[in-house]
Each structure stands twice: as C-alpha cells, then as structure tokens.
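Data first, discussion second: the structure below is written as structure tokens.
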Amino acid sequence: MREPQTDPAPWQAWERRRFSREREFARRFRHRPAGVVSLAIVLLVLVAAIIPGLIATHDPNAIDGAATLSEPSWEHWFGADRLGRDTYSRVVHGARTALLVGLIAVGIGVGVGLPYGLLAGYIGGRKDEAMMRLMDALYAYPALLLALIVIAVMGTGLVNVMIAIGIVLVPVYARIVRGSTLSAKQNDYVLAAEAMGAGTPRILFRHIAPNVLAPVLVQASLGIGFAIIWEAALSFLGLGTQPPDPSWGTLLKSAQRFLATNAWLAVFPGVTIVLTVLAFNLLGDVLRDLLDPRLRGAD
C-alpha cells in the first residue's frame, strides 16, 4: 500500500514568497546609491581584515631605515613612519583590529542587551522598572568615560577594550529591544501562545525575538562604527592595541609629533576611520529605511 504523499504546494508557496521578498529587498537596496557605496566600502574593509596580505604591499612591521618619514610615493603609497614602516600596509592591517573590536563589542552588546530587554519588556511592572533603571544608570555615563572606568578596573589591552565597549553598548540594545517587546507582546500570536500554555523562554525567543530583530540589526550597523571610533580613541590614549601591532588609533598617536612636518602620517589613518564609520552609519540608515514598514511607502 502506497503511503500518502504530502502536498508540496504550501511549502513551494512559502519559498516563492520568501524569494520574492528577498528579490524586492535587493531591488530597493540597489536603488539607494548611499547604501551601495557604503556596502562596497564595508566589504573592502572586510577583505582587508580577513586577508590583508592580498591588499597590503609590505610587511606592516618591517623596518626600513632608508625610508624613514618618506613622503607618499609609488613605493610607499601613504608614506612611511619614523621607523620606515609602510603606512599604507599598517592601515590595511589595522582594519582587522578595527573590525574585530567592532564585531565582538557589538556581539557582547547584543548578546546581553537582547535577552535583558526581552525579559524586561515582557514581564513589565515593577521588575521591568527596576531592570531598566539599572540600564539608565549605565546609559547616563558618557560612553568614553564608562569605557575608561571598565578598563581601569580590568586593565589595558585589546581584549579588555572589546569588553569595555561591549558593556557600553549593552544599555543601548536593552532599551531598543525592551521598547519593541512592549509593542510585540500585545500581538495576537503572542496572546495565543500564552493561552496555549507556552513557556516564557519559548514566547520570548520563538514569537517575540524575531519581530524585534530589525531595529537591532540597524543599531548593530551603527554600533560597529561607534565601536571603531572608541577603539581608535582608546588606542590613541595607549589603553588599547599596543605597539608594534598596527591599529588606526596607534597610527594617529605615533603621527601626533609629526603633524607640522609630516601631516600625511595622520591624514591617511584619519580619513580611513572617517570613511569606514561613515559607511557603517549610512548602511544602518539605509537598512532602517528598508526594514521599517512605515517608511517603505516612500520608495
């Protein structure tokens, strides 16, 4: 006796709808020049971070006495520092540090802030108020000051910088997720899950979390840019990446004493930071416009 075969029509219909949504998203994204250019810059930084040897022209730590403080040329595109190290190659290799800090710091912020905001928004009442007052206390500190306090407690170094920036970002994501959860928990499918006896973890991560990810994704793109700035600032202060490892912040610090005579040592790392952070910010703005249903009608 032949077993009954399931009808593939519903699955195929779901696949067609998903493909249609993805194709529509890609079409609308292509019509945003700012999004296309920013994505290209982000991908370039990603390539530089993953395989810097493909883009760099020299060993970033190779010392060449004959090239000390040389001006930009075909041999050294961005010039060379006081030890004769190729500035362009050090900028390229510094992308790994910047992107690593950005991704891990944002990962810490989302990893802690997302479940915290989900739980606070879902339980509501006085517990919600108490949980969010803690986030408000962290949020009240200026970001750089809070990072400095964390580093003062934990010590200097790149790993501690990632943790410090991640802690700074936690209240940002907790507040965003909590606000979205307050709205999402009133939806019929959440009320139906509660009526059927679903547990709190299932409701939070199966029914509510997927519907609050859009603003988190947008904020994550912006957060990477902010994390890159903070890492550069902390490294400039000598609290982050330590020499001779290349970092955009340490490049700016080493160029400080030569600003009057060899300004290009600071110009190229500074421009790289500006372009990278601007690309992440513009990408976040475009994603916000495309993912926010209230703004879709403007396209």
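Every chain in the structure tokens has a letter given in the order shown (A, B, ...), and although residue numbers restart at 1 in each chain, ligands are simply numbered from 1 in the order shown.
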List every residue of stretch 76-224 of chain A that DSSP, applied to the backbone of this structure, assigns to helix (DSSP H, G or I), and report them as number ranges by chain.
-> A: 87-123, 125-140, 143-154, 158-184, 188-195, 200-211, 213-224
Excluding same-chain residues fewer than 2 positions from A:Leu182, what lies within 9 Å of it counting only C-alpha atoms, as a count of residues only?
-> 12
Excluding same-chain residues fewer than 4 positions from A:Ala98, what lies within 7 Å of it counting only C-alpha atoms, as a PyMOL selection string?
-> chain A and resi 94+102+228
Near A:Thr156, counting only C-alpha atoms, which residues have an atom at most 9 Å away, once you skip same-chain residues fewer than 2 positions from it, shown as a PyMOL selection string?
-> chain A and resi 151-152+154+158-161+238-241
